[in-house]
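Chemist: Dropping a structure here in structure tokens format, bear with me for questions.
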Amino acid sequence: MTETNTGAPPRKPLLLNAFTMNAVSHVAYGLWRHPADQHHRHTDLDYWQELGRLLDGSGFDNLFIADALGLLDTYGGNAGASLARGVQSPLTDPLLVASGIAAVTEKLGITITVSTTYEHPWLLARKFTTLDHATNGRIGWNLVTSQLESAARNLGLKTQVEHDLRYDRADEFLEVAYKLWLSSWEDGAAVRDKGSDRNPDGMFTDPAKVQPIDHKGRFFTVPGPYIAEPSPQRVPVLMQAGASPRGVAFAARHAEVIFVVGADDEAIRRNILKTKAAAAREGRTQDAIQFVTSVSVVTAATDEEARAKLEEYRRYFDFEGAVIHYAASTNIDFSSYGPDTPIRQIDTQSSRGLLGMFTAQESGRDWTLKDALAPEHGFGRSRVFVGSGKSVAEALDRWTEATGLDGINLLHIVSPASFADFIEHVIPELRKRGRIRDDRPAATLRERLFEQQSPLPATDHPAHTLSLIPARQAVADKDNAA
Ligand SMILES: Cc1cc2nc3c(=O)[nH]c(=O)nc-3n(C[C@H](O)[C@H](O)[C@H](O)COP(=O)(O)O)c2cc1C
């Protein structure tokens, strides 16, 4: 915790994620047309390395890259409008740029979105182990179950796997991954002995310290042993954004950082409390999970300059782009509905939480598409803070305290300028308020975010019990009997 020099009690640093996507635009619909925007260079590794260098050591904790596995083709029944407007397309793979970013950074966490619905735990576990080695323990995983019909079709399914069943599969996916990451290889299994009195012929890995996992479940059969030696964190920092009842139950069990949504402050606060209660039922402590939400910030040297900048950005905002994205995320074709169409909850097979948040039941009022996706002075669905660094820092400080948020996902309106402006104007003011984390040399992402000494998930995290495998269970039983 950072000490302040004002005599006030120490304040908890905010978790600062820089939030983006490996696509020409993420959620700043239409803003790729702004002359300052560089995000259209997302196919160049140079661009990602410039962004990594800008963020590393700046006060940002983590670069968080979203992903999807299909074009947005719900609106009008085809992908034409999303392609023409550059809405989350073209989109390249974020996992494959992570090691390039790691090569030019030292402290920055790098969190990549990967879907449990279309991967296999044996293959994906190794990718994260590899990246955790390559980053010296700075990797995180934004764990999604996916929500696009186009992804399901292109991956050989007629339609998406049923919504709650995707979470059941994700639960078992993680159980397999935990076994591979945490239990198959004991500490010190890789002895790397090139030849000594004990091992004159040399021994790289001690086979007695590597066990099969013998997993046989409803979705996966994985005997093991694991193929890769453990990485610094063993388990990537787990981030998640489930919002439906099944999604919240899943997030409360596994996530260490949760992206919470809410149409207003009260809904955010309520969703945090609801998830904390669900986490407590899983036996996790109150501070086991950090909660963040997405925000946009427009900042400059003065409040007036920031307001002028906002008006200039808004000239590029593309409301139809926002509707195209929302249609695909909720699997409802909004193309024939006007901006004044009221939003109603229905249980689609896509994101239920994104529909539910804009209902009277959740927020006490009715919402139209325009209210939800193009609020006055806003950008899409996220809250916007506008002003000098001091004004924004004050507002963020108050707002996070009032809602119970631990941090933010900062969206870019134009990239990298939105991140650079935040670093120049807002971070120094947040630092004065004790809300920026001091860099700890050589810390893993988990040690950095949770200010803990171990790089492994906290002892109350279910990874420890779910990863128990027959060989380890036998040892534990023997110890207990002794
Ligand atoms: C901040 C944030 C980031 C998200 N990033 C992604 C993403 O990159 N890819 C994805 O498929 N879904 C993403 N989602 C959607 C969630 O994975 C999830 O589908 C959504 O929150 C609804 O959950 P539900 O299915 O439990 O209603 C994100 C959600 C939020 C709030």
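Lettering and numbering for the structure tokens are positional, with chains as A, B, ... in the shown order, residues counted from 1 in each chain, and ligands counted from 1 in the shown order.
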Write out as a list of chain:residue names the set of residues from region 265-298 of chain A that DSSP, computed on the backbone, places in helix (DSSP H, G or I).
Modeler: A:Asp265, A:Glu266, A:Ala267, A:Ile268, A:Arg269, A:Arg270, A:Asn271, A:Ile272, A:Leu273, A:Lys274, A:Thr275, A:Lys276, A:Ala277, A:Ala278, A:Ala279, A:Ala280, A:Arg281
Chemist: So which residues are near ligand 1, meaning at most 8 Å away with only C-alpha atoms and all ligand atoms counted, given back as number ranges by chain?
Modeler: A: 21, 65-69, 113-115, 142-148, 163, 240-248, 259-261, 292-294, 329, 350-354, 409
Chemist: For region 416-439 of chain A versus region 384-393 of chain A, which residues have an atom no more than 9 Å away, and what is each residue's nearest atom pair and distance in Å rounded to one decimal, using only C-alpha atoms, chain-then-number order, as a Markdown table?
Modeler:
| residue | atom | partner | partner_atom | distance |
| --- | --- | --- | --- | --- |
| A:Asp421 | CA | A:Gly389 | CA | 8.8 |
| A:Phe422 | CA | A:Gly389 | CA | 7.6 |
| A:Glu424 | CA | A:Gly389 | CA | 8.1 |
| A:His425 | CA | A:Gly389 | CA | 4.3 |
| A:Val426 | CA | A:Gly389 | CA | 4.0 |
| A:Ile427 | CA | A:Gly389 | CA | 7.6 |
| A:Pro428 | CA | A:Gly389 | CA | 7.9 |
| A:Glu429 | CA | A:Lys390 | CA | 5.7 |
| A:Leu430 | CA | A:Ala393 | CA | 5.4 |
| A:Arg433 | CA | A:Ala393 | CA | 8.4 |
Chemist: Would you export the selected residues with N, CA and C atoms as a short mmCIF file (atom, residue, chain, number, x, y, z; two decimals), in the first residue's frame, please?
Modeler:
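Generated output (result.cif):
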data_model
loop_
_atom_site.label_atom_id
_atom_site.label_comp_id
_atom_site.auth_asym_id
_atom_site.auth_seq_id
_atom_site.Cartn_x
_atom_site.Cartn_y
_atom_site.Cartn_z
N ASP A 421 -2.04 10.42 -22.94
CA ASP A 421 -2.65 11.55 -22.22
C ASP A 421 -2.90 11.18 -20.75
N PHE A 422 -3.35 9.96 -20.53
CA PHE A 422 -3.63 9.51 -19.15
C PHE A 422 -2.33 9.49 -18.35
N GLU A 424 0.36 11.22 -18.95
CA GLU A 424 0.91 12.58 -18.75
C GLU A 424 0.11 13.38 -17.72
N HIS A 425 -1.22 13.30 -17.81
CA HIS A 425 -2.03 14.22 -16.99
C HIS A 425 -2.62 13.57 -15.73
N VAL A 426 -3.08 12.33 -15.83
CA VAL A 426 -3.86 11.77 -14.72
C VAL A 426 -2.98 11.00 -13.73
N ILE A 427 -2.03 10.23 -14.25
CA ILE A 427 -1.24 9.38 -13.34
C ILE A 427 -0.48 10.21 -12.29
N PRO A 428 0.14 11.34 -12.66
CA PRO A 428 0.83 12.10 -11.59
C PRO A 428 -0.14 12.53 -10.48
N GLU A 429 -1.37 12.85 -10.85
CA GLU A 429 -2.36 13.28 -9.84
C GLU A 429 -2.83 12.09 -9.00
N LEU A 430 -3.00 10.95 -9.66
CA LEU A 430 -3.39 9.75 -8.89
C LEU A 430 -2.26 9.35 -7.95
N ARG A 433 -2.29 11.04 -4.80
CA ARG A 433 -3.35 10.54 -3.93
C ARG A 433 -3.08 9.13 -3.44
#
Chemist: In terms of the shortest atom-to-atom distance over only C-alpha atoms, which of A:Ser58, A:Thr299, A:Ser89, A:Asn17 is closest to Tyr29 (chain A)?
Modeler: A:Ser89
Chemist: Write out as a PDB file with C-alpha atoms, in the first residue's frame which residues come within 6 Å of region 460-475 of chain A when counting only C-alpha atoms, dropping same-chain ones fewer than 5 positions away.
Modeler:
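File out-v1.pdb, as written:
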ATOM      1  CA  GLU A 175      -9.821 -28.162 -13.442  1.00  0.00           C
ATOM      2  CA  TYR A 178      -4.968 -26.512 -12.723  1.00  0.00           C
ATOM      3  CA  LYS A 179      -3.914 -30.163 -12.537  1.00  0.00           C
ATOM      4  CA  ILE A 213      -3.043 -36.315 -13.754  1.00  0.00           C
ATOM      5  CA  ARG A 284     -12.725 -17.128  -0.730  1.00  0.00           C
TER       6      ARG A 284
END
Chemist: Mind giving me the straight-line distance from CA of Gln345 (chain A) to CA of Ala278 (chain A) in Å, one decimal?
Modeler: 22.9 Å
Chemist: Using Å and a single decimal, report how far CA of Tyr316 (chain A) sits from CA of Leu31 (chain A).
Modeler: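 One can read the CA of Leu31 (chain A) to CA of Tyr316 (chain A) distance as 5.4 Å.
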Chemist: Can you pull out every residue within 10 Å of Gly30 (chain A), counting only C-alpha atoms, but drop anything in the same chain fewer than 5 positions away, and send it as a list in words?
Modeler: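 The filter keeps Val24, Ser25, Arg85, Gly86, Val87, Tyr313, Arg314, Arg315, Tyr316, Phe317, Asp318, Phe319, Glu320, Gly321, Ala322 and Ile413 of chain A.
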Chemist: Mind checking which residues fall within 9 Å of Arg234 (chain A), counting only C-alpha atoms, ignoring those fewer than 2 positions away in the same chain, and posting them as a PyMOL selection string?
Modeler: chain A and resi 128-129+132+137+178+181-182+230-232+236+455-457
Chemist: When DSSP is applied to the backbone of this structure, which of region 109-354 of chain A are assigned strand (DSSP E)? Write them out as a PyMOL selection string.
Modeler: chain A and resi 109-115+139-144+190-193+203-205+215-216+221-222+237-240+257-259+290-300
Chemist: For the residues selected in the previous step, produce a file with N, CA and C atoms as a compact mmCIF listing (two decimals), in the first residue's frame.
Modeler:
# COMPACT_ATOMS: atom_id res chain seq x y z
N GLY A 109 2.20 -6.16 -16.85
CA GLY A 109 1.45 -7.39 -17.04
C GLY A 109 0.88 -7.42 -18.45
N ILE A 110 0.70 -8.62 -18.99
CA ILE A 110 0.12 -8.75 -20.34
C ILE A 110 -0.97 -9.81 -20.24
N THR A 111 -2.21 -9.37 -20.38
CA THR A 111 -3.34 -10.30 -20.21
C THR A 111 -4.06 -10.49 -21.53
N ILE A 112 -4.18 -11.76 -21.90
CA ILE A 112 -4.72 -12.07 -23.22
C ILE A 112 -6.02 -12.85 -23.07
N THR A 113 -6.96 -12.53 -23.93
CA THR A 113 -8.27 -13.20 -23.93
C THR A 113 -8.21 -14.48 -24.75
N VAL A 114 -8.63 -15.58 -24.14
CA VAL A 114 -8.73 -16.84 -24.90
C VAL A 114 -10.00 -17.56 -24.43
N SER A 115 -10.68 -18.17 -25.39
CA SER A 115 -11.96 -18.81 -25.11
C SER A 115 -11.78 -20.27 -24.70
N ILE A 139 2.15 -12.89 -17.13
CA ILE A 139 1.03 -13.18 -18.03
C ILE A 139 -0.29 -13.34 -17.26
N GLY A 140 -1.35 -12.87 -17.87
CA GLY A 140 -2.70 -13.08 -17.34
C GLY A 140 -3.58 -13.65 -18.44
N TRP A 141 -4.68 -14.25 -18.03
CA TRP A 141 -5.62 -14.85 -18.99
C TRP A 141 -7.00 -14.27 -18.74
N ASN A 142 -7.55 -13.58 -19.72
CA ASN A 142 -8.95 -13.18 -19.67
C ASN A 142 -9.76 -14.33 -20.25
N LEU A 143 -10.42 -15.00 -19.35
CA LEU A 143 -11.07 -16.27 -19.65
C LEU A 143 -12.49 -16.02 -20.12
N VAL A 144 -12.76 -16.31 -21.38
CA VAL A 144 -14.13 -16.09 -21.88
C VAL A 144 -14.71 -17.40 -22.40
N ALA A 190 12.67 -30.35 -12.46
CA ALA A 190 13.70 -30.15 -13.48
C ALA A 190 15.01 -29.84 -12.75
N VAL A 191 15.86 -30.87 -12.58
CA VAL A 191 17.07 -30.68 -11.75
C VAL A 191 18.23 -30.09 -12.57
N ARG A 192 18.20 -30.30 -13.88
CA ARG A 192 19.22 -29.71 -14.76
C ARG A 192 20.63 -30.08 -14.32
N ASP A 193 20.81 -31.32 -13.88
CA ASP A 193 22.12 -31.75 -13.37
C ASP A 193 22.94 -32.29 -14.55
N MET A 203 21.10 -35.69 -15.25
CA MET A 203 19.64 -35.91 -15.23
C MET A 203 18.97 -34.56 -15.41
N PHE A 204 18.20 -34.45 -16.46
CA PHE A 204 17.51 -33.17 -16.64
C PHE A 204 16.29 -33.09 -15.73
N THR A 205 15.38 -34.06 -15.87
CA THR A 205 14.15 -34.03 -15.07
C THR A 205 14.08 -35.31 -14.24
N HIS A 215 -6.96 -37.37 -15.57
CA HIS A 215 -8.26 -36.69 -15.57
C HIS A 215 -9.22 -37.37 -16.55
N LYS A 216 -10.38 -37.76 -16.02
CA LYS A 216 -11.46 -38.29 -16.88
C LYS A 216 -12.73 -37.59 -16.44
N THR A 221 -10.69 -35.88 -21.40
CA THR A 221 -9.91 -36.99 -20.86
C THR A 221 -8.45 -36.65 -21.11
N VAL A 222 -7.71 -36.43 -20.05
CA VAL A 222 -6.31 -36.02 -20.18
C VAL A 222 -5.49 -36.82 -19.15
N VAL A 237 -2.56 -15.11 -14.14
CA VAL A 237 -3.57 -14.39 -13.34
C VAL A 237 -4.90 -14.49 -14.10
N LEU A 238 -5.93 -14.93 -13.39
CA LEU A 238 -7.20 -15.26 -14.05
C LEU A 238 -8.18 -14.08 -13.97
N MET A 239 -8.56 -13.60 -15.14
CA MET A 239 -9.51 -12.48 -15.20
C MET A 239 -10.76 -12.97 -15.92
N GLN A 240 -11.91 -12.40 -15.57
CA GLN A 240 -13.17 -12.93 -16.10
C GLN A 240 -14.25 -11.86 -16.02
N VAL A 257 -9.40 -11.28 -10.96
CA VAL A 257 -9.82 -9.93 -11.34
C VAL A 257 -11.12 -10.09 -12.12
N ILE A 258 -12.13 -9.31 -11.75
CA ILE A 258 -13.42 -9.41 -12.44
C ILE A 258 -13.78 -8.08 -13.08
N PHE A 259 -14.19 -8.17 -14.35
CA PHE A 259 -14.69 -6.99 -15.06
C PHE A 259 -16.17 -6.93 -14.82
N GLN A 290 -10.26 -8.63 -7.27
CA GLN A 290 -10.30 -7.19 -7.52
C GLN A 290 -11.29 -6.93 -8.65
N PHE A 291 -12.06 -5.85 -8.49
CA PHE A 291 -13.12 -5.53 -9.46
C PHE A 291 -12.74 -4.28 -10.26
N VAL A 292 -12.87 -4.39 -11.57
CA VAL A 292 -12.59 -3.25 -12.43
C VAL A 292 -13.74 -3.08 -13.41
N THR A 293 -13.86 -1.90 -13.96
CA THR A 293 -14.84 -1.68 -15.03
C THR A 293 -14.22 -0.78 -16.09
N SER A 294 -14.82 -0.81 -17.28
CA SER A 294 -14.23 -0.04 -18.39
C SER A 294 -14.64 1.41 -18.32
N VAL A 295 -13.68 2.28 -18.56
CA VAL A 295 -13.98 3.71 -18.65
C VAL A 295 -13.18 4.32 -19.79
N SER A 296 -13.68 5.43 -20.32
CA SER A 296 -12.90 6.25 -21.26
C SER A 296 -12.54 7.54 -20.53
N VAL A 297 -11.37 8.06 -20.85
CA VAL A 297 -10.94 9.33 -20.23
C VAL A 297 -10.46 10.26 -21.34
N VAL A 298 -10.98 11.48 -21.31
CA VAL A 298 -10.46 12.51 -22.23
C VAL A 298 -9.84 13.57 -21.34
N THR A 299 -8.53 13.73 -21.45
CA THR A 299 -7.85 14.65 -20.54
C THR A 299 -6.84 15.51 -21.29
N ALA A 300 -6.55 16.66 -20.71
CA ALA A 300 -5.62 17.61 -21.32
C ALA A 300 -5.13 18.51 -20.18
